[in-house]
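Asker: Sharing structure22.cif, mmCIF, C-alpha atoms:
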data_work
loop_
_atom_site.label_atom_id
_atom_site.label_comp_id
_atom_site.auth_asym_id
_atom_site.auth_seq_id
_atom_site.Cartn_x
_atom_site.Cartn_y
_atom_site.Cartn_z
CA MET A 1 0.00 0.00 0.00
CA ARG A 2 1.28 3.47 -0.80
CA ILE A 3 0.07 7.06 -0.85
CA THR A 4 0.43 8.82 -4.20
CA THR A 5 -0.69 12.09 -5.78
CA VAL A 6 -3.20 12.19 -8.63
CA SER A 7 -1.27 13.70 -11.55
CA TYR A 8 -2.65 15.96 -14.24
CA ASP A 9 -1.75 13.30 -16.83
CA ARG A 10 -4.06 10.84 -15.10
CA VAL A 11 -6.91 13.35 -15.04
CA ALA A 12 -6.26 14.43 -18.65
CA GLU A 13 -7.04 10.90 -19.82
CA MET A 14 -10.57 11.34 -18.47
CA LEU A 15 -11.23 14.73 -20.08
CA PRO A 16 -13.22 14.76 -23.36
CA GLY A 17 -11.65 15.92 -26.60
CA VAL A 18 -12.92 18.46 -29.11
CA GLN A 19 -14.93 16.88 -31.94
CA THR A 20 -16.25 18.03 -35.29
CA LEU A 21 -19.86 19.16 -34.93
CA GLU A 22 -22.15 16.71 -36.69
CA ALA A 23 -25.12 17.83 -38.77
CA ASP A 24 -27.66 16.06 -36.55
CA LEU A 25 -27.68 17.57 -33.09
CA ARG A 26 -29.24 15.90 -30.05
CA ASP A 27 -32.13 17.43 -28.12
CA TYR A 28 -31.33 19.93 -25.37
CA ASP A 29 -33.32 21.61 -22.63
CA VAL A 30 -31.37 24.86 -22.83
CA LEU A 31 -29.36 26.71 -25.48
CA ILE A 32 -27.03 29.45 -24.19
CA CYS A 33 -25.58 31.78 -26.83
CA ALA A 34 -24.31 35.36 -27.17
CA ALA A 35 -25.61 38.24 -29.29
CA GLY A 36 -22.27 39.21 -30.83
CA PHE A 37 -21.53 41.11 -34.03
CA GLU A 38 -19.63 38.40 -35.96
CA ASP A 39 -21.07 36.33 -38.80
CA ARG A 40 -20.61 33.16 -36.75
CA ALA A 41 -22.84 34.50 -33.95
CA THR A 42 -25.91 32.87 -35.50
CA HIS A 43 -24.34 29.76 -37.06
CA ILE A 44 -24.89 27.24 -34.25
CA THR A 45 -28.49 28.38 -33.80
CA GLU A 46 -29.02 27.90 -37.53
CA CYS A 47 -27.54 24.38 -37.19
CA VAL A 48 -30.03 23.69 -34.39
CA ARG A 49 -32.92 24.90 -36.53
CA THR A 50 -31.97 22.92 -39.65
CA SER A 51 -31.24 19.71 -37.71
CA ASN A 52 -34.73 19.72 -36.17
CA ALA A 53 -33.19 19.32 -32.73
CA SER A 54 -35.55 20.07 -29.87
CA ILE A 55 -34.56 23.05 -27.67
CA ALA A 56 -37.02 23.99 -24.93
CA THR A 57 -35.43 27.24 -23.70
CA ALA A 58 -32.84 29.68 -25.02
CA ILE A 59 -30.78 32.15 -23.00
CA ILE A 60 -29.21 34.95 -25.03
CA LEU A 61 -26.26 36.76 -23.47
CA ASP A 62 -26.47 40.43 -24.43
CA TYR A 63 -23.67 43.00 -24.54
CA ASN A 64 -23.69 46.60 -23.37
CA SER A 65 -20.78 47.60 -25.62
CA ASN A 66 -20.59 47.97 -29.41
CA THR A 67 -24.37 48.25 -29.46
CA GLU A 68 -24.52 49.52 -33.06
CA ASP A 69 -22.35 46.67 -34.35
CA ASN A 70 -24.35 44.13 -32.36
CA ALA A 71 -27.79 45.39 -33.39
CA GLY A 72 -28.04 43.65 -36.76
CA LYS A 73 -26.87 40.22 -35.67
CA ARG A 74 -28.75 40.52 -32.38
CA ASN A 75 -32.09 40.88 -34.18
CA GLU A 76 -31.22 38.01 -36.51
CA LEU A 77 -30.18 35.81 -33.58
CA VAL A 78 -33.35 36.57 -31.60
CA SER A 79 -35.44 35.68 -34.66
CA LEU A 80 -33.58 32.42 -35.28
CA VAL A 81 -33.66 31.42 -31.62
CA GLY A 82 -37.37 32.15 -31.48
CA ALA A 83 -37.93 29.85 -34.46
CA ALA A 84 -35.83 27.05 -32.95
CA THR A 85 -36.93 27.13 -29.31
CA GLY A 86 -40.02 27.50 -27.18
CA THR A 87 -38.97 30.22 -24.74
CA VAL A 88 -36.35 32.97 -25.09
CA HIS A 89 -34.69 34.88 -22.23
CA ILE A 90 -32.21 37.73 -22.69
CA ILE A 91 -29.78 38.63 -19.91
CA ASP A 92 -26.86 41.08 -19.82
CA ASP A 93 -23.58 41.29 -17.94
CA GLN A 94 -24.55 44.09 -15.58
CA GLY A 95 -24.46 43.83 -11.79
CA THR A 96 -22.23 41.80 -9.52
CA GLU A 97 -20.85 38.37 -10.35
CA PHE A 98 -23.21 36.87 -7.76
CA GLU A 99 -26.21 38.58 -9.38
CA PHE A 100 -25.24 37.34 -12.84
CA ASP A 101 -24.89 33.77 -11.56
CA LYS A 102 -28.31 33.86 -9.90
CA ARG A 103 -30.01 35.32 -13.00
CA LEU A 104 -28.60 32.56 -15.18
CA GLN A 105 -29.22 29.75 -12.70
CA SER A 106 -32.84 30.81 -12.17
CA LEU A 107 -33.55 30.06 -15.85
CA LEU A 108 -32.23 26.49 -15.77
CA PRO A 109 -34.75 23.64 -15.38
CA PRO A 110 -34.00 20.62 -13.16
CA ASN A 111 -31.61 18.05 -14.60
CA ALA A 112 -30.92 20.31 -17.57
CA ARG A 113 -29.15 19.24 -20.76
CA ILE A 114 -27.38 22.39 -21.94
CA LEU A 115 -25.79 23.42 -25.24
CA PHE A 116 -23.48 26.37 -24.62
CA ASP A 117 -22.53 28.12 -27.88
CA VAL A 118 -19.33 30.07 -27.21
CA SER A 119 -18.84 31.27 -30.81
CA ALA A 120 -19.76 34.90 -30.13
CA CYS A 121 -18.94 34.93 -26.42
CA SER A 122 -16.33 37.20 -24.92
CA GLY A 123 -13.78 35.53 -22.66
CA ALA A 124 -15.57 37.07 -19.69
CA TYR A 125 -18.91 35.54 -20.72
CA VAL A 126 -17.34 32.10 -21.24
CA LEU A 127 -15.82 32.21 -17.76
CA ARG A 128 -18.90 33.65 -16.06
CA VAL A 129 -21.25 31.08 -17.55
CA MET A 130 -18.91 28.19 -16.76
CA ARG A 131 -18.56 29.40 -13.17
CA ALA A 132 -22.33 29.70 -12.79
CA LEU A 133 -22.87 26.22 -14.24
CA PHE A 134 -20.29 24.62 -11.96
CA GLU A 135 -21.92 26.28 -8.96
CA HIS A 136 -25.38 25.15 -10.13
CA ALA A 137 -24.11 21.58 -10.52
CA ARG A 138 -23.40 21.42 -6.77
CA SER A 139 -27.14 21.30 -6.10
CA GLN A 140 -28.70 20.23 -9.43
CA PRO A 141 -27.47 17.65 -11.96
CA ILE A 142 -26.70 19.22 -15.35
CA SER A 143 -25.05 18.02 -18.54
CA VAL A 144 -23.20 20.51 -20.77
CA ASP A 145 -21.93 20.42 -24.33
CA ILE A 146 -19.84 23.28 -25.74
CA ALA A 147 -20.47 24.30 -29.36
CA TYR A 148 -17.99 26.49 -31.23
CA ALA A 149 -17.99 27.93 -34.75
CA SER A 150 -14.65 29.35 -35.85
CA ALA A 151 -14.42 32.32 -38.19
CA HIS A 152 -13.51 31.78 -41.83
CA ASP A 153 -11.27 34.85 -41.90
CA TYR A 154 -9.82 36.57 -38.85
CA LYS A 155 -8.85 40.20 -38.75
CA PRO A 156 -6.45 41.80 -39.22
CA SER A 157 -4.97 40.05 -42.25
CA GLN A 158 -1.30 39.07 -42.19
CA GLU A 159 -0.41 42.08 -44.34
CA GLU A 160 -2.37 44.45 -42.08
CA ALA A 161 -0.77 42.96 -38.97
CA GLU A 162 2.75 43.25 -40.36
CA SER A 163 2.11 46.88 -41.32
CA LEU A 164 0.80 47.71 -37.83
CA ILE A 165 3.73 46.05 -36.09
CA LYS A 166 6.15 47.96 -38.31
CA ARG A 167 4.45 51.20 -37.23
CA PHE A 168 4.72 50.15 -33.57
CA ASP A 169 8.42 49.41 -34.00
CA GLU A 170 8.95 52.80 -35.62
CA GLY A 171 6.96 54.62 -32.92
CA ASP A 172 4.33 55.72 -35.42
CA ALA A 173 1.23 54.02 -33.97
CA ALA A 174 -1.14 56.31 -32.06
CA GLU A 175 -3.55 53.55 -31.07
CA GLY A 176 -1.15 51.73 -28.72
CA THR A 177 0.23 48.22 -28.83
CA THR A 178 -2.78 46.44 -30.28
CA LEU A 179 -3.65 44.93 -33.63
CA GLY A 180 -6.86 46.94 -33.81
CA LEU A 181 -9.35 44.34 -32.59
CA ASP A 182 -9.93 45.87 -29.17
CA PHE A 183 -9.15 49.32 -27.90
CA ASP A 184 -7.95 50.68 -24.55
CA ALA A 185 -8.16 48.93 -21.21
CA ASP A 186 -11.09 49.55 -18.92
CA GLU A 187 -10.18 50.94 -15.50
CA THR A 188 -12.21 48.32 -13.64
CA ALA A 189 -10.85 44.79 -13.39
CA HIS A 190 -13.47 42.03 -13.14
CA ILE A 191 -12.59 39.21 -10.77
CA ILE A 192 -14.25 36.19 -12.36
CA ALA A 193 -12.87 33.77 -9.77
CA PRO A 194 -11.83 35.44 -6.51
CA GLY A 195 -9.51 32.71 -5.23
CA ASP A 196 -9.11 32.35 -1.51
CA VAL A 197 -9.21 35.60 0.48
CA ARG A 198 -6.21 35.89 2.78
CA LEU A 199 -5.80 38.48 5.49
CA GLU A 200 -2.05 38.16 5.68
CA PRO A 201 0.15 39.63 2.92
CA VAL A 202 1.13 37.16 0.21
CA SER A 203 3.47 37.31 -2.74
CA GLU A 204 1.85 37.46 -6.17
CA SER A 205 2.39 35.44 -9.33
CA ALA A 206 0.58 35.47 -12.66
CA VAL A 207 -0.02 33.51 -15.83
CA VAL A 208 -0.92 35.50 -18.95
CA ILE A 209 -2.74 33.75 -21.78
CA CYS A 210 -1.74 36.10 -24.55
CA GLY A 211 -4.01 37.94 -26.93
CA PHE A 212 -3.31 40.63 -29.52
CA ASN A 213 -3.40 43.67 -27.23
CA ALA A 214 -0.24 44.13 -25.20
CA ASP A 215 -1.63 47.30 -23.59
CA ARG A 216 -4.39 45.34 -21.86
CA VAL A 217 -1.83 42.77 -20.68
CA ALA A 218 0.36 45.50 -19.19
CA ALA A 219 -2.60 47.24 -17.53
CA SER A 220 -3.81 43.91 -16.12
CA LEU A 221 -0.41 43.05 -14.69
CA ASP A 222 -0.31 46.50 -13.07
CA LYS A 223 -3.51 45.62 -11.22
CA ILE A 224 -1.66 42.72 -9.58
CA ASP A 225 1.84 44.08 -9.04
CA THR A 226 3.46 47.06 -10.77
CA SER A 227 6.83 45.31 -10.68
CA PHE A 228 5.48 42.77 -13.19
CA ASN A 229 5.88 45.37 -15.97
CA ILE A 230 9.58 46.04 -15.65
CA ASP A 231 11.60 45.84 -18.85
CA LYS A 232 13.15 42.48 -18.10
CA ASN A 233 11.08 39.35 -17.71
CA HIS A 234 9.73 38.87 -14.20
CA PRO A 235 10.32 35.41 -12.66
CA ASP A 236 6.80 35.31 -11.21
CA VAL A 237 5.01 35.95 -14.51
CA ARG A 238 4.51 33.21 -17.11
CA PHE A 239 3.08 33.53 -20.61
CA ILE A 240 1.10 31.09 -22.77
CA SER A 241 0.75 31.84 -26.50
CA GLY A 242 -2.02 30.27 -28.56
CA HIS A 243 -1.26 28.37 -31.75
CA PRO A 244 -4.14 28.20 -34.28
CA PRO A 245 -5.26 24.80 -35.64
CA ARG A 246 -5.30 25.84 -39.33
CA SER A 247 -1.99 25.97 -41.19
CA ARG A 248 -3.03 29.12 -43.08
CA ASP A 249 -3.36 30.94 -39.74
CA GLU A 250 0.03 29.91 -38.34
CA TRP A 251 1.39 33.43 -38.89
CA ARG A 252 -0.90 34.63 -36.09
CA TYR A 253 1.21 32.77 -33.51
CA GLY A 254 4.33 34.68 -34.51
CA VAL A 255 2.47 37.99 -34.63
CA MET A 256 1.01 37.35 -31.16
CA ASN A 257 4.48 36.82 -29.72
CA ARG A 258 5.83 39.94 -31.44
CA ILE A 259 2.99 42.16 -30.23
CA ASN A 260 3.63 40.93 -26.67
CA GLY A 261 7.33 41.77 -26.79
CA LEU A 262 8.75 38.35 -27.74
CA ARG A 263 8.59 37.17 -24.14
CA PRO A 264 9.45 33.54 -23.37
CA SER A 265 6.14 31.69 -23.53
CA GLN A 266 4.60 28.24 -23.60
CA LYS A 267 2.92 27.18 -26.85
CA ALA A 268 -0.63 25.81 -26.67
CA SER A 269 -3.39 25.08 -29.17
CA THR A 270 -6.17 27.65 -29.36
CA LEU A 271 -8.60 24.77 -29.99
CA HIS A 272 -7.50 21.81 -27.87
CA TYR A 273 -8.01 23.16 -24.37
CA GLN A 274 -6.06 20.38 -22.65
CA GLU A 275 -2.74 21.91 -23.78
CA THR A 276 -3.49 25.23 -22.04
CA LEU A 277 -4.75 23.39 -18.96
CA ARG A 278 -1.50 21.41 -18.81
CA HIS A 279 0.58 24.63 -18.83
CA LEU A 280 -1.65 26.17 -16.16
CA GLU A 281 -1.20 23.11 -13.96
CA ALA A 282 2.58 23.30 -14.43
CA ALA A 283 2.52 26.96 -13.41
CA TYR A 284 0.41 26.11 -10.36
CA SER A 285 2.82 23.37 -9.29
CA ALA A 286 5.77 25.74 -9.65
CA THR A 287 4.13 28.52 -7.61
CA GLU A 288 5.29 28.99 -4.05
CA PRO A 289 2.69 27.71 -1.52
CA ARG A 290 2.34 31.15 0.06
CA SER A 291 1.99 32.89 -3.29
CA ARG A 292 -1.35 33.80 -4.88
CA LEU A 293 -1.67 32.83 -8.54
CA THR A 294 -3.75 35.03 -10.87
CA VAL A 295 -4.65 34.02 -14.42
CA LEU A 296 -5.14 36.74 -17.04
CA PRO A 297 -7.06 35.13 -19.92
CA PHE A 298 -6.80 37.01 -23.22
CA GLY A 299 -6.72 33.92 -25.44
CA SER A 300 -9.24 31.95 -27.47
CA LYS A 301 -12.69 30.64 -26.48
CA MET A 302 -11.36 27.14 -25.85
CA GLN A 303 -8.45 28.50 -23.85
CA SER A 304 -11.05 30.23 -21.68
CA ILE A 305 -12.70 26.83 -21.19
CA ALA A 306 -9.33 25.59 -19.91
CA VAL A 307 -9.15 28.52 -17.48
CA ALA A 308 -12.66 27.73 -16.22
CA LEU A 309 -11.67 24.13 -15.52
CA PHE A 310 -8.45 25.29 -13.86
CA ALA A 311 -10.35 27.68 -11.56
CA GLU A 312 -12.79 24.90 -10.68
CA ALA A 313 -9.88 22.57 -9.87
CA HIS A 314 -8.15 25.06 -7.56
CA SER A 315 -10.26 27.25 -5.32
CA ASP A 316 -7.24 29.39 -4.41
CA VAL A 317 -6.66 30.54 -8.01
CA ARG A 318 -7.87 34.01 -9.02
CA VAL A 319 -9.05 34.84 -12.55
CA GLN A 320 -8.97 38.52 -13.47
CA MET A 321 -10.39 40.15 -16.60
CA LEU A 322 -9.61 43.70 -17.69
CA PRO A 323 -12.05 44.30 -20.56
CA PRO A 324 -11.44 46.71 -23.43
CA VAL A 325 -13.40 49.92 -23.70
CA SER A 326 -14.58 48.87 -27.17
CA TYR A 327 -14.02 46.33 -29.95
CA GLY A 328 -13.29 46.83 -33.64
CA GLY A 329 -16.74 45.50 -34.47
CA ALA A 330 -17.24 45.32 -38.23
CA GLY A 331 -13.63 44.37 -38.90
CA TYR A 332 -13.34 41.65 -36.28
CA SER A 333 -13.84 38.52 -38.41
CA HIS A 334 -15.82 37.36 -41.40
CA GLY A 335 -17.62 34.20 -42.43
CA VAL A 336 -17.91 30.83 -40.69
CA GLY A 337 -15.19 28.22 -40.65
CA GLU A 338 -14.98 24.83 -38.98
CA THR A 339 -17.50 24.01 -36.25
CA TYR A 340 -16.79 21.91 -33.18
CA LEU A 341 -18.44 20.20 -30.22
CA LEU A 342 -16.89 19.61 -26.81
CA PRO A 343 -19.09 17.15 -24.85
CA LEU A 344 -18.19 18.02 -21.25
CA GLY A 345 -21.10 15.94 -19.97
CA ASP A 346 -22.10 15.65 -16.31
CA PHE A 347 -20.79 18.82 -14.65
CA GLY A 348 -20.83 17.33 -11.17
CA ARG A 349 -18.62 14.49 -12.33
CA LEU A 350 -16.42 16.90 -14.29
CA SER A 351 -15.92 19.01 -11.16
CA THR A 352 -14.93 15.91 -9.17
CA THR A 353 -12.50 14.93 -11.92
CA VAL A 354 -10.61 18.22 -12.15
CA ARG A 355 -10.64 18.75 -8.38
CA ALA A 356 -8.80 15.43 -8.03
CA ILE A 357 -5.63 16.95 -9.54
CA ASN A 358 -2.87 16.89 -6.89
CA ALA A 359 -5.15 15.05 -4.44
CA LEU A 360 -3.70 12.22 -2.37
CA CYS A 361 -4.92 8.68 -2.91
CA ILE A 362 -4.12 5.27 -1.46
CA GLU A 363 -2.98 2.56 -3.86
CA GLU A 364 -2.30 -1.11 -3.28
CA ASP A 365 -0.24 -3.57 -5.26
CA VAL A 366 -2.67 -6.18 -6.55
CA ASP A 367 -0.54 -9.12 -5.40
CA LYS A 368 -0.28 -7.64 -1.89
CA ARG A 369 -3.96 -6.90 -1.35
CA PRO A 370 -5.15 -8.40 1.98
CA ARG A 371 -7.77 -11.11 1.84
CA THR A 372 -10.25 -8.93 3.69
CA THR A 373 -10.54 -5.20 4.09
CA ALA A 374 -12.47 -3.33 6.73
CA VAL A 375 -13.35 -0.54 4.28
CA ALA A 376 -13.54 -0.20 0.53
CA LEU A 377 -10.70 1.94 -0.79
CA THR A 378 -11.45 4.48 -3.50
CA ASP A 379 -9.42 7.21 -5.13
CA PRO A 380 -10.49 10.84 -5.69
CA LEU A 381 -11.58 10.02 -9.25
CA GLY A 382 -14.18 7.59 -7.99
CA GLY A 383 -12.54 4.33 -9.03
CA ALA A 384 -12.16 1.42 -6.65
CA LEU A 385 -8.59 0.57 -5.74
#
Could I get this structure in the form of structure tokens?
Answerer:
Amino acid sequence: MRITTVSYDRVAEMLPGVQTLEADLRDYDVLICAAGFEDRATHITECVRTSNASIATAIILDYNSNTEDNAGKRNELVSLVGAATGTVHIIDDQGTEFEFDKRLQSLLPPNARILFDVSACSGAYVLRVMRALFEHARSQPISVDIAYASAHDYKPSQEEAESLIKRFDEGDAAEGTTLGLDFDADETAHIIAPGDVRLEPVSESAVVICGFNADRVAASLDKIDTSFNIDKNHPDVRFISGHPPRSRDEWRYGVMNRINGLRPSQKASTLHYQETLRHLEAAYSATEPRSRLTVLPFGSKMQSIAVALFAEAHSDVRVQMLPPVSYGGAGYSHGVGETYLLPLGDFGRLSTTVRAINALCIEEDVDKRPRTTAVALTDPLGGAL
């Protein structure tokens, strides 16, 4: 008999992979989607309608920014959702995190089967909804599938990006260190996951999941510790850079690193969330026990899913979002590319699975198992030993 620690690799084997979305969707009790301004904002709902899948209730996540850009697609989405479902609810992101969670949870029926379309969701919405669903699963069984439609063409183009970076390098860019997709950093940081609240002073550490706006990264790091923005790389700050799944988009990985100052970073897929989760777990293991780890998620939708699972696994981790003042609406992306499904399944079981990372368990060698045992031995993942 020996005591061992449940490794991330062991847990990773139990996590579902991203699949191609099939034409025939299953029936769901709830569809959650966002009223964004991109072409792909309505694609999953259109797939639901054409597949004749049954959806009882829809929850549309509304935005209070870029209202003019959102207006056209919002009306189209509401119309499509109304045609595909029985009941439609629209909620926004105003109020406290607790109030948002309660508004969303109040609309979920018992034992709900949920399709969460993240295609037009901001990173903040992905994290808020995931947090609310995990909390709901502590008292009500729910099953969740994630749907995601990629864009056919992302902005800026490679030529536009190279031109902007050249202007940054030459000091001729008035709009700051961003590729034009989002502008300025809001003054108010949103704490999506508060982590544990400690009265005594603690040292700080951070993991940045890079995006294309270095100004927001710098402003976010300032909210944690102003020393994190010194010219040389700080030992308590780690970076993860997303690598796109399509070969024709590979240039975006290099541009992302250049816009963020060519800092040493870990490479992770923007689609396969397990890679980002692995790097987050490595950062957590390397963090001093008395240090507070904050994640700054500026990456892709699926990388935000990884952050949500990471926050669920470790209650002491803080997730901080510093939103932009506005987005470059009409020029953000065009068309619809590949579509995917991530069947996360039973959220209560998923929570138990990710919370088992780093937990202690008792193992026995099969040939040394006693003939009788006073109690049945189980590990944190629920399997008998």
Asker: Closest to Thr5 of chain A among A:Asp196, A:Gly17, A:Ala359, A:Ser139, using all atoms listed in the file?
Answerer: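 Answer, going by the shortest atom-to-atom distance: A:Ala359.
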Asker: Starting from the displayed file, determine the output of the PyMOL selection byres ((chain A and resi 73-87) around 9) and express the residue list as a ChimeraX atom specification.
Answerer: /A:30-31,34-39,41-42,45-46,48-50,52-60,62,69-72,88-89
Asker: Could you check the closest approach to Ser203 of chain A for each of A:Phe134, A:Leu293, A:Arg216, A:Ser285 and tell me which residue wins, using all atoms listed in the file?
Answerer: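 Checking each candidate against Ser203 of chain A, we get A:Leu293 as the closest.
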Asker: Selection in question (the file shown): the PyMOL selection byres ((chain A and resi 119) around 8). Which residues does it include, as a list in words?
Answerer: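 With the PyMOL selection byres ((chain A and resi 119) around 8) on this model, the match is Cys33, Ala34, Arg40, Ala41, Asp117, Val118, Ala120, Cys121, Ala147, Tyr148, Ala149, Ser150 and Lys301 of chain A.
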Asker: Compile the contact shell of His152 of chain A as a list in words: residues with an atom at most 9 Å away, counting all atoms listed in the file, same-chain residues fewer than 2 positions apart removed.
Answerer: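 The neighbour list is Arg40, Ser150, Tyr154, Ser333, His334, Gly335, Val336, Gly337 and Glu338 of chain A.
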Asker: Would you mind exporting the chosen residues as a PDB file, in the frame of the given file, restricted to C-alpha atoms?
Answerer:
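This went into part.pdb:
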ATOM      1  CA  ARG A  40     -20.610  33.160 -36.750  1.00  0.00           C
ATOM      2  CA  SER A 150     -14.650  29.350 -35.850  1.00  0.00           C
ATOM      3  CA  TYR A 154      -9.820  36.570 -38.850  1.00  0.00           C
ATOM      4  CA  SER A 333     -13.840  38.520 -38.410  1.00  0.00           C
ATOM      5  CA  HIS A 334     -15.820  37.360 -41.400  1.00  0.00           C
ATOM      6  CA  GLY A 335     -17.620  34.200 -42.430  1.00  0.00           C
ATOM      7  CA  VAL A 336     -17.910  30.830 -40.690  1.00  0.00           C
ATOM      8  CA  GLY A 337     -15.190  28.220 -40.650  1.00  0.00           C
ATOM      9  CA  GLU A 338     -14.980  24.830 -38.980  1.00  0.00           C
TER      10      GLU A 338
END
Asker: Residues within 12 Å of Arg248 of chain A, please, as an MDAnalysis selection string. Count only C-alpha atoms; anything in the same chain fewer than 4 positions from it doesn't count.
Answerer: chainID A and resid 152:154 157:158 243:244 252:253
Asker: Would you mind completing segment 335-342 of chain A to all heavy atoms and writing the output as a PDB file, in the frame of the given file?
Answerer:
ATOM      1  N   GLY A 335     -17.288  35.543 -42.016  1.00  0.00           N
ATOM      2  CA  GLY A 335     -17.620  34.200 -42.430  1.00  0.00           C
ATOM      3  C   GLY A 335     -17.586  33.187 -41.299  1.00  0.00           C
ATOM      4  O   GLY A 335     -17.325  33.508 -40.145  1.00  0.00           O
ATOM      5  N   VAL A 336     -17.879  31.936 -41.660  1.00  0.00           N
ATOM      6  CA  VAL A 336     -17.910  30.830 -40.690  1.00  0.00           C
ATOM      7  C   VAL A 336     -16.978  29.741 -41.187  1.00  0.00           C
ATOM      8  O   VAL A 336     -17.040  29.316 -42.339  1.00  0.00           O
ATOM      9  CB  VAL A 336     -19.337  30.271 -40.525  1.00  0.00           C
ATOM     10  CG1 VAL A 336     -19.338  29.115 -39.530  1.00  0.00           C
ATOM     11  CG2 VAL A 336     -20.295  31.366 -40.080  1.00  0.00           C
ATOM     12  N   GLY A 337     -16.114  29.288 -40.308  1.00  0.00           N
ATOM     13  CA  GLY A 337     -15.190  28.220 -40.650  1.00  0.00           C
ATOM     14  C   GLY A 337     -15.624  26.892 -40.055  1.00  0.00           C
ATOM     15  O   GLY A 337     -16.819  26.556 -40.051  1.00  0.00           O
ATOM     16  N   GLU A 338     -14.689  26.134 -39.551  1.00  0.00           N
ATOM     17  CA  GLU A 338     -14.980  24.830 -38.980  1.00  0.00           C
ATOM     18  C   GLU A 338     -15.824  24.976 -37.706  1.00  0.00           C
ATOM     19  O   GLU A 338     -15.690  25.958 -36.975  1.00  0.00           O
ATOM     20  CB  GLU A 338     -13.684  24.088 -38.654  1.00  0.00           C
ATOM     21  CG  GLU A 338     -12.837  23.752 -39.866  1.00  0.00           C
ATOM     22  CD  GLU A 338     -12.010  24.920 -40.377  1.00  0.00           C
ATOM     23  OE1 GLU A 338     -12.024  25.991 -39.721  1.00  0.00           O
ATOM     24  OE2 GLU A 338     -11.381  24.788 -41.429  1.00  0.00           O
ATOM     25  N   THR A 339     -16.676  23.996 -37.459  1.00  0.00           N
ATOM     26  CA  THR A 339     -17.500  24.010 -36.250  1.00  0.00           C
ATOM     27  C   THR A 339     -17.186  22.773 -35.411  1.00  0.00           C
ATOM     28  O   THR A 339     -16.919  21.696 -35.933  1.00  0.00           O
ATOM     29  CB  THR A 339     -19.004  24.040 -36.587  1.00  0.00           C
ATOM     30  OG1 THR A 339     -19.329  22.929 -37.447  1.00  0.00           O
ATOM     31  CG2 THR A 339     -19.365  25.333 -37.301  1.00  0.00           C
ATOM     32  N   TYR A 340     -17.245  22.957 -34.093  1.00  0.00           N
ATOM     33  CA  TYR A 340     -16.790  21.910 -33.180  1.00  0.00           C
ATOM     34  C   TYR A 340     -17.782  21.707 -32.042  1.00  0.00           C
ATOM     35  O   TYR A 340     -18.593  22.582 -31.730  1.00  0.00           O
ATOM     36  CB  TYR A 340     -15.423  22.286 -32.595  1.00  0.00           C
ATOM     37  CG  TYR A 340     -14.347  22.508 -33.624  1.00  0.00           C
ATOM     38  CD1 TYR A 340     -14.031  23.804 -34.058  1.00  0.00           C
ATOM     39  CD2 TYR A 340     -13.642  21.443 -34.161  1.00  0.00           C
ATOM     40  CE1 TYR A 340     -13.041  24.012 -35.011  1.00  0.00           C
ATOM     41  CE2 TYR A 340     -12.645  21.638 -35.112  1.00  0.00           C
ATOM     42  CZ  TYR A 340     -12.348  22.932 -35.531  1.00  0.00           C
ATOM     43  OH  TYR A 340     -11.376  23.134 -36.469  1.00  0.00           O
ATOM     44  N   LEU A 341     -17.651  20.536 -31.407  1.00  0.00           N
ATOM     45  CA  LEU A 341     -18.440  20.200 -30.220  1.00  0.00           C
ATOM     46  C   LEU A 341     -17.498  19.639 -29.169  1.00  0.00           C
ATOM     47  O   LEU A 341     -16.657  18.778 -29.462  1.00  0.00           O
ATOM     48  CB  LEU A 341     -19.525  19.179 -30.558  1.00  0.00           C
ATOM     49  CG  LEU A 341     -20.513  18.865 -29.427  1.00  0.00           C
ATOM     50  CD1 LEU A 341     -21.492  20.033 -29.257  1.00  0.00           C
ATOM     51  CD2 LEU A 341     -21.279  17.575 -29.720  1.00  0.00           C
ATOM     52  N   LEU A 342     -17.636  20.132 -27.949  1.00  0.00           N
ATOM     53  CA  LEU A 342     -16.890  19.610 -26.810  1.00  0.00           C
ATOM     54  C   LEU A 342     -17.895  19.068 -25.802  1.00  0.00           C
ATOM     55  O   LEU A 342     -18.538  19.840 -25.079  1.00  0.00           O
ATOM     56  CB  LEU A 342     -16.037  20.707 -26.173  1.00  0.00           C
ATOM     57  CG  LEU A 342     -15.299  20.344 -24.873  1.00  0.00           C
ATOM     58  CD1 LEU A 342     -14.371  19.150 -25.083  1.00  0.00           C
ATOM     59  CD2 LEU A 342     -14.536  21.539 -24.335  1.00  0.00           C
TER      60      LEU A 342
END
